[in-house]
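Participant: Got a structure for you, questions after.
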Amino acid sequence: MSERPVRLALTIGDPGGIGPELAAAAIAGEARGDAELCVIGSAAALARALSGAAGGPPPVVTAKTWVAGPATRGDTTVIDTAAGLDPPAGRPSREGGLVAGRAIEKAVELAATGAVDGIVTGPVSKEGLSLAGYPFRGHTDMLASLLGAPDCQMMMVAGRLRIVILTRDIPLADVPGLITRERIDTGVRVTAAALTELWGIEEPRIAVAALNPHGGDGGLNGREELDTVAPALEALVLEGFRVGGPIPADTLFHRWEEKGWDAFVALYHDQGMIPFKMGGFAGGVNMTIGLPTVRTSVCHGTAYDIAGRGEADTGSIEAAVRLAVECCRARRGGEDEP
């Protein structure tokens, strides 16, 4: 018996950006292994990106006509969500937001029905989604809503470096009010569950950052550590979680590989994104943990300024596809075909 091939929904993202080039690279690349790809988005934009590719473009179906059968090793199908729309290249637009949003919705539908094992998403424009009428700040919020997973977390992954961003795209002034015991508790629990389920780490060690300089200096530079972060972590430790903190952010990542942490929880965007981008941006992955399906993504934007010029760095999409395949296999526990 051989293991069933993984089937992934790969959304192209905003067709006016570099998403079509990234999808073309994922189709042709080695990162997918024998996984089947259902590429969802603008078929016309993908065809332009695949112009001259060996074997020609994959078969195209509409979002309503594709029917899932058994996964086929190495196969590729394009599910077109453009419906006659031809978004402009090189800038955000309502049309681009509609095509990208519909692709996400279709990918979620396939994942929710078990037609695909996981989702890999290409870059979208928050402005484009807003112009198209979507009320979400980005992929994570949209997936949380569509899949009914309000406790899901954004995790940035670069090799063994895994950083959960507890609060995401919000003004810095709003962060202290959103750092609650409940949010910290949820973030650690979801992170621990993902480390066990997707990476096989039975007793994960998780480090949580402090909010204030020097961890608040005993309350002299802020009381969030004393009043909120430390009590939340102490309660988790009593339950058996292997969690440390609050650790001052300026030392949190110093020689982290030697300290044995399996993941970090950063309390706000830049606190986690700066070390992530220094430690592995080119091949890094943005993933959502705590969803009922595997979801990985590129860790960069639409790069409208270089769209269609063949200059897009494909390292992140390749890493996202590779990680999605690995996590899908881990999640189903190596189930074999009958």
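Within each chain, counting starts at residue 1; across the structure tokens, chains are named A, B, ... in the order shown, with ligands numbered 1 upward in that order.
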Report the residues of segment 34-134 of chain A whose backbone DSSP state falls under strand (DSSP E or B), written as a PyMOL selection string.

Facilitator: chain A and resi 36-41+60-62+76-80+118-121

Participant: Residues within 7 Å of segment 96-100 of chain A, please, as a list in words. Count only C-alpha atoms; anything in the same chain fewer than 6 positions from it doesn't count.

Facilitator: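 Residues near the query, excluding close chain neighbours: Gly13, Asp14, Pro15, Gly16, Gly41, Ser42, Thr81, Ala82, Pro87, Val124, Gly128, Leu129, Leu131 and Ala132 of chain A.
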
Participant: With distances taken over only C-alpha atoms, which residue among A:Pro246, A:Pro88, A:Gly114, A:Pro231 lies nearest Gly215 of chain A?

Facilitator: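 Nearest to Gly215 of chain A: A:Pro246.
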
Participant: Rounded to one decimal in Å, what is the spacing between atom CA of Cys38 of chain A and atom CA of Leu8 of chain A?

Facilitator: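 Taking atom CA of Cys38 of chain A and atom CA of Leu8 of chain A, their separation equals 6.1 Å.
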
Participant: Could you please determine the separation between atom CA of Val157 of chain A and atom CA of Gly284 of chain A in Å, to one decimal place?

Facilitator: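 Separation between atom CA of Val157 of chain A and atom CA of Gly284 of chain A: 5.7 Å.
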
Participant: Using only C-alpha atoms, which protein or nucleic acid residues come within 6 Å of segment 21-29 of chain A? Drop anything in the same chain fewer than 4 positions from it, and give the result as a list in words.

Facilitator: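 The contact residues come out as Ile12, Ala49 and Leu50 of chain A.
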
Participant: For those residues, write N, CA, C and O atoms to a file as a CSV table (one decimal), in the first residue's frame.

Facilitator:
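Resulting contents of result08.csv:
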chain,number,residue,atom,x,y,z
A,12,ILE,N,-4.5,31.8,-6.2
A,12,ILE,CA,-3.5,32.6,-6.9
A,12,ILE,C,-3.3,34.0,-6.2
A,12,ILE,O,-2.2,34.5,-6.3
A,49,ALA,N,1.2,33.8,-17.1
A,49,ALA,CA,2.4,33.5,-16.4
A,49,ALA,C,3.0,32.2,-16.8
A,49,ALA,O,4.2,32.0,-16.7
A,50,LEU,N,2.2,31.2,-17.3
A,50,LEU,CA,2.7,29.9,-17.8
A,50,LEU,C,3.0,29.9,-19.3
A,50,LEU,O,3.4,28.9,-19.8

Participant: If we count only C-alpha atoms, what is near Asp270 of chain A at a cut-off of 12 Å, once residues fewer than 3 positions away on the same chain are taken out, given as an mmCIF file with C-alpha atoms, in the first residue's frame?

Facilitator:
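To be explicit, this is the file written out as selection_34.cif:
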data_model
loop_
_atom_site.group_PDB
_atom_site.id
_atom_site.type_symbol
_atom_site.label_atom_id
_atom_site.label_comp_id
_atom_site.auth_asym_id
_atom_site.auth_seq_id
_atom_site.Cartn_x
_atom_site.Cartn_y
_atom_site.Cartn_z
ATOM 1 C CA ILE A 163 6.453 32.805 16.006
ATOM 2 C CA VAL A 164 2.782 33.365 16.816
ATOM 3 C CA ILE A 165 1.612 36.989 16.539
ATOM 4 C CA LEU A 166 -1.023 37.419 19.245
ATOM 5 C CA THR A 167 -2.422 40.712 17.932
ATOM 6 C CA ARG A 168 -2.079 41.367 14.232
ATOM 7 C CA ASP A 169 -2.744 44.333 11.946
ATOM 8 C CA ILE A 170 -3.936 46.896 14.475
ATOM 9 C CA PRO A 171 -2.642 50.306 15.630
ATOM 10 C CA LEU A 172 0.107 50.006 18.217
ATOM 11 C CA VAL A 175 -2.298 46.670 21.674
ATOM 12 C CA LEU A 211 5.002 43.823 26.454
ATOM 13 C CA ALA A 249 11.443 41.077 23.904
ATOM 14 C CA ALA A 266 4.873 37.730 20.374
ATOM 15 C CA LEU A 267 2.293 40.150 21.737
ATOM 16 C CA MET A 273 7.803 40.070 12.535
ATOM 17 C CA ILE A 274 11.176 41.797 12.861
ATOM 18 C CA PRO A 275 13.033 38.706 14.149
ATOM 19 C CA PHE A 276 11.128 36.521 11.704
ATOM 20 C CA LYS A 277 12.136 38.620 8.714
ATOM 21 C CA MET A 278 15.721 38.768 9.906
#

Participant: Near segment 318-327 of chain A, counting only C-alpha atoms, which residues have an atom at most 6 Å away, once you skip same-chain residues fewer than 2 positions from it, shown as a PyMOL selection string?

Facilitator: chain A and resi 31-32+198+283+285+296-297+315-316+329-331

Participant: Selected residues, all heavy atoms, written as a short mmCIF file (atom, residue, chain, number, x, y, z; two decimals), in the first residue's frame, please.

Facilitator:
data_model
loop_
_atom_site.label_atom_id
_atom_site.label_comp_id
_atom_site.auth_asym_id
_atom_site.auth_seq_id
_atom_site.Cartn_x
_atom_site.Cartn_y
_atom_site.Cartn_z
N ALA A 31 8.66 21.42 -4.82
CA ALA A 31 8.16 21.46 -3.44
C ALA A 31 6.87 20.67 -3.28
O ALA A 31 6.60 20.12 -2.22
CB ALA A 31 7.94 22.91 -3.01
N ARG A 32 6.06 20.60 -4.32
CA ARG A 32 4.77 19.91 -4.23
C ARG A 32 4.92 18.40 -4.15
O ARG A 32 4.00 17.70 -3.71
CB ARG A 32 3.92 20.26 -5.45
CG ARG A 32 4.51 19.78 -6.77
CD ARG A 32 3.73 20.22 -7.98
NE ARG A 32 2.45 19.55 -8.07
CZ ARG A 32 1.61 19.68 -9.11
NH1 ARG A 32 1.96 20.45 -10.13
NH2 ARG A 32 0.48 19.05 -9.13
N LEU A 198 0.86 19.01 14.21
CA LEU A 198 1.49 19.23 12.90
C LEU A 198 2.98 18.93 12.88
O LEU A 198 3.55 18.66 11.81
CB LEU A 198 1.24 20.66 12.43
CG LEU A 198 -0.23 21.08 12.34
CD1 LEU A 198 -0.34 22.52 11.89
CD2 LEU A 198 -1.01 20.16 11.41
N GLY A 283 12.55 32.48 2.65
CA GLY A 283 11.91 31.18 2.58
C GLY A 283 10.92 30.96 3.69
O GLY A 283 10.63 29.82 4.07
N VAL A 285 7.20 31.28 5.86
CA VAL A 285 5.80 30.93 5.60
C VAL A 285 4.92 31.59 6.65
O VAL A 285 5.25 31.62 7.83
CB VAL A 285 5.59 29.40 5.65
CG1 VAL A 285 4.12 29.04 5.41
CG2 VAL A 285 6.48 28.69 4.65
N THR A 296 -1.38 27.37 4.73
CA THR A 296 -0.11 28.08 4.68
C THR A 296 -0.18 29.15 3.60
O THR A 296 -1.07 29.14 2.76
CB THR A 296 1.07 27.13 4.37
OG1 THR A 296 0.92 26.61 3.03
CG2 THR A 296 1.13 25.97 5.36
N SER A 297 0.79 30.07 3.64
CA SER A 297 0.75 31.18 2.70
C SER A 297 2.15 31.75 2.53
O SER A 297 3.04 31.52 3.35
CB SER A 297 -0.19 32.28 3.21
OG SER A 297 -0.26 33.37 2.30
N GLY A 315 10.83 31.72 -3.29
CA GLY A 315 11.21 30.96 -2.11
C GLY A 315 10.08 30.74 -1.13
O GLY A 315 9.91 29.65 -0.58
N SER A 316 9.26 31.78 -0.90
CA SER A 316 8.20 31.67 0.09
C SER A 316 7.07 30.76 -0.38
O SER A 316 6.55 29.96 0.39
CB SER A 316 7.65 33.06 0.43
OG SER A 316 6.71 32.99 1.47
N ARG A 329 0.07 15.63 5.76
CA ARG A 329 0.42 14.24 6.04
C ARG A 329 0.47 13.96 7.54
O ARG A 329 0.00 12.93 8.01
CB ARG A 329 1.76 13.90 5.38
CG ARG A 329 1.66 13.77 3.87
CD ARG A 329 3.01 13.52 3.24
NE ARG A 329 2.88 13.30 1.80
CZ ARG A 329 3.85 13.48 0.92
NH1 ARG A 329 5.03 13.91 1.33
NH2 ARG A 329 3.65 13.25 -0.36
N ALA A 330 1.03 14.91 8.29
CA ALA A 330 1.08 14.74 9.74
C ALA A 330 -0.32 14.73 10.34
O ALA A 330 -0.61 13.95 11.25
CB ALA A 330 1.92 15.85 10.36
N ARG A 331 -1.19 15.57 9.81
CA ARG A 331 -2.52 15.70 10.38
C ARG A 331 -3.35 14.44 10.20
O ARG A 331 -4.12 14.06 11.08
CB ARG A 331 -3.24 16.89 9.74
CG ARG A 331 -4.50 17.30 10.47
CD ARG A 331 -4.98 18.65 10.01
NE ARG A 331 -5.83 19.25 11.01
CZ ARG A 331 -6.24 20.51 10.98
NH1 ARG A 331 -5.85 21.31 10.02
NH2 ARG A 331 -7.02 20.98 11.92
#

Participant: From the DSSP assignment of the backbone, select every residue of segment 28-186 of chain A that is alpha helix (DSSP H), and format the answer as a PyMOL selection string.

Facilitator: chain A and resi 28+43-49+94-112+126-131+139-146+175-178+181-186

Participant: Looking at only C-alpha atoms, which of A:Gly333, A:Pro248, A:Pro135, A:Gly33 is the one that sits closest to Arg73 of chain A?

Facilitator: A:Gly33

Participant: Quick one: residues within 9 Å of Thr76 of chain A, only C-alpha atoms, excluding same-chain residues fewer than 2 positions away - as a list of chain:residue names?

Facilitator: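 Answer for this query is A:Ile27, A:Ala35, A:Glu36, A:Leu37, A:Cys38, A:Val39, A:Pro58, A:Pro59, A:Thr72, A:Gly74, A:Val78.
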
Participant: Kindly export the residues of the current selection with N, CA, C and O atoms, as a PDB file, in the first residue's frame.

Facilitator:
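Below is the file part20.pdb, written as the result:
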ATOM      1  N   ILE A  27       3.372  25.166  -9.544  1.00  0.00           N
ATOM      2  CA  ILE A  27       2.964  24.074 -10.426  1.00  0.00           C
ATOM      3  C   ILE A  27       4.186  23.332 -10.956  1.00  0.00           C
ATOM      4  O   ILE A  27       4.227  22.094 -10.991  1.00  0.00           O
ATOM      5  N   ALA A  35       1.958  15.889  -4.814  1.00  0.00           N
ATOM      6  CA  ALA A  35       0.667  16.455  -4.424  1.00  0.00           C
ATOM      7  C   ALA A  35      -0.102  16.946  -5.640  1.00  0.00           C
ATOM      8  O   ALA A  35       0.474  17.463  -6.604  1.00  0.00           O
ATOM      9  N   GLU A  36      -1.408  16.795  -5.584  1.00  0.00           N
ATOM     10  CA  GLU A  36      -2.284  17.355  -6.611  1.00  0.00           C
ATOM     11  C   GLU A  36      -2.604  18.791  -6.233  1.00  0.00           C
ATOM     12  O   GLU A  36      -2.862  19.091  -5.070  1.00  0.00           O
ATOM     13  N   LEU A  37      -2.594  19.681  -7.220  1.00  0.00           N
ATOM     14  CA  LEU A  37      -2.908  21.082  -6.985  1.00  0.00           C
ATOM     15  C   LEU A  37      -4.207  21.467  -7.682  1.00  0.00           C
ATOM     16  O   LEU A  37      -4.370  21.219  -8.882  1.00  0.00           O
ATOM     17  N   CYS A  38      -5.116  22.059  -6.931  1.00  0.00           N
ATOM     18  CA  CYS A  38      -6.284  22.716  -7.501  1.00  0.00           C
ATOM     19  C   CYS A  38      -5.998  24.212  -7.411  1.00  0.00           C
ATOM     20  O   CYS A  38      -6.115  24.807  -6.333  1.00  0.00           O
ATOM     21  N   VAL A  39      -5.583  24.798  -8.510  1.00  0.00           N
ATOM     22  CA  VAL A  39      -5.176  26.202  -8.527  1.00  0.00           C
ATOM     23  C   VAL A  39      -6.415  27.053  -8.789  1.00  0.00           C
ATOM     24  O   VAL A  39      -7.108  26.869  -9.800  1.00  0.00           O
ATOM     25  N   PRO A  58      -2.565  23.892 -17.576  1.00  0.00           N
ATOM     26  CA  PRO A  58      -3.409  22.790 -17.095  1.00  0.00           C
ATOM     27  C   PRO A  58      -4.854  22.990 -17.532  1.00  0.00           C
ATOM     28  O   PRO A  58      -5.247  24.088 -17.936  1.00  0.00           O
ATOM     29  N   PRO A  59      -5.679  21.949 -17.441  1.00  0.00           N
ATOM     30  CA  PRO A  59      -7.092  22.096 -17.794  1.00  0.00           C
ATOM     31  C   PRO A  59      -7.801  23.068 -16.869  1.00  0.00           C
ATOM     32  O   PRO A  59      -7.487  23.154 -15.680  1.00  0.00           O
ATOM     33  N   THR A  72      -5.114  12.695  -7.505  1.00  0.00           N
ATOM     34  CA  THR A  72      -4.253  12.121  -8.544  1.00  0.00           C
ATOM     35  C   THR A  72      -2.847  12.663  -8.377  1.00  0.00           C
ATOM     36  O   THR A  72      -2.637  13.873  -8.324  1.00  0.00           O
ATOM     37  N   GLY A  74       0.451  14.339  -8.606  1.00  0.00           N
ATOM     38  CA  GLY A  74       1.101  15.303  -9.486  1.00  0.00           C
ATOM     39  C   GLY A  74       0.194  16.016 -10.456  1.00  0.00           C
ATOM     40  O   GLY A  74       0.660  16.782 -11.297  1.00  0.00           O
ATOM     41  N   VAL A  78      -7.052  23.877 -12.885  1.00  0.00           N
ATOM     42  CA  VAL A  78      -7.286  25.293 -12.613  1.00  0.00           C
ATOM     43  C   VAL A  78      -8.779  25.529 -12.484  1.00  0.00           C
ATOM     44  O   VAL A  78      -9.549  25.188 -13.380  1.00  0.00           O
TER      45      VAL A  78
END

Participant: Quick check, in Å to one decimal: how far apart do atom CA of Val265 of chain A and atom CA of Val208 of chain A lie?

Facilitator: 4.7 Å
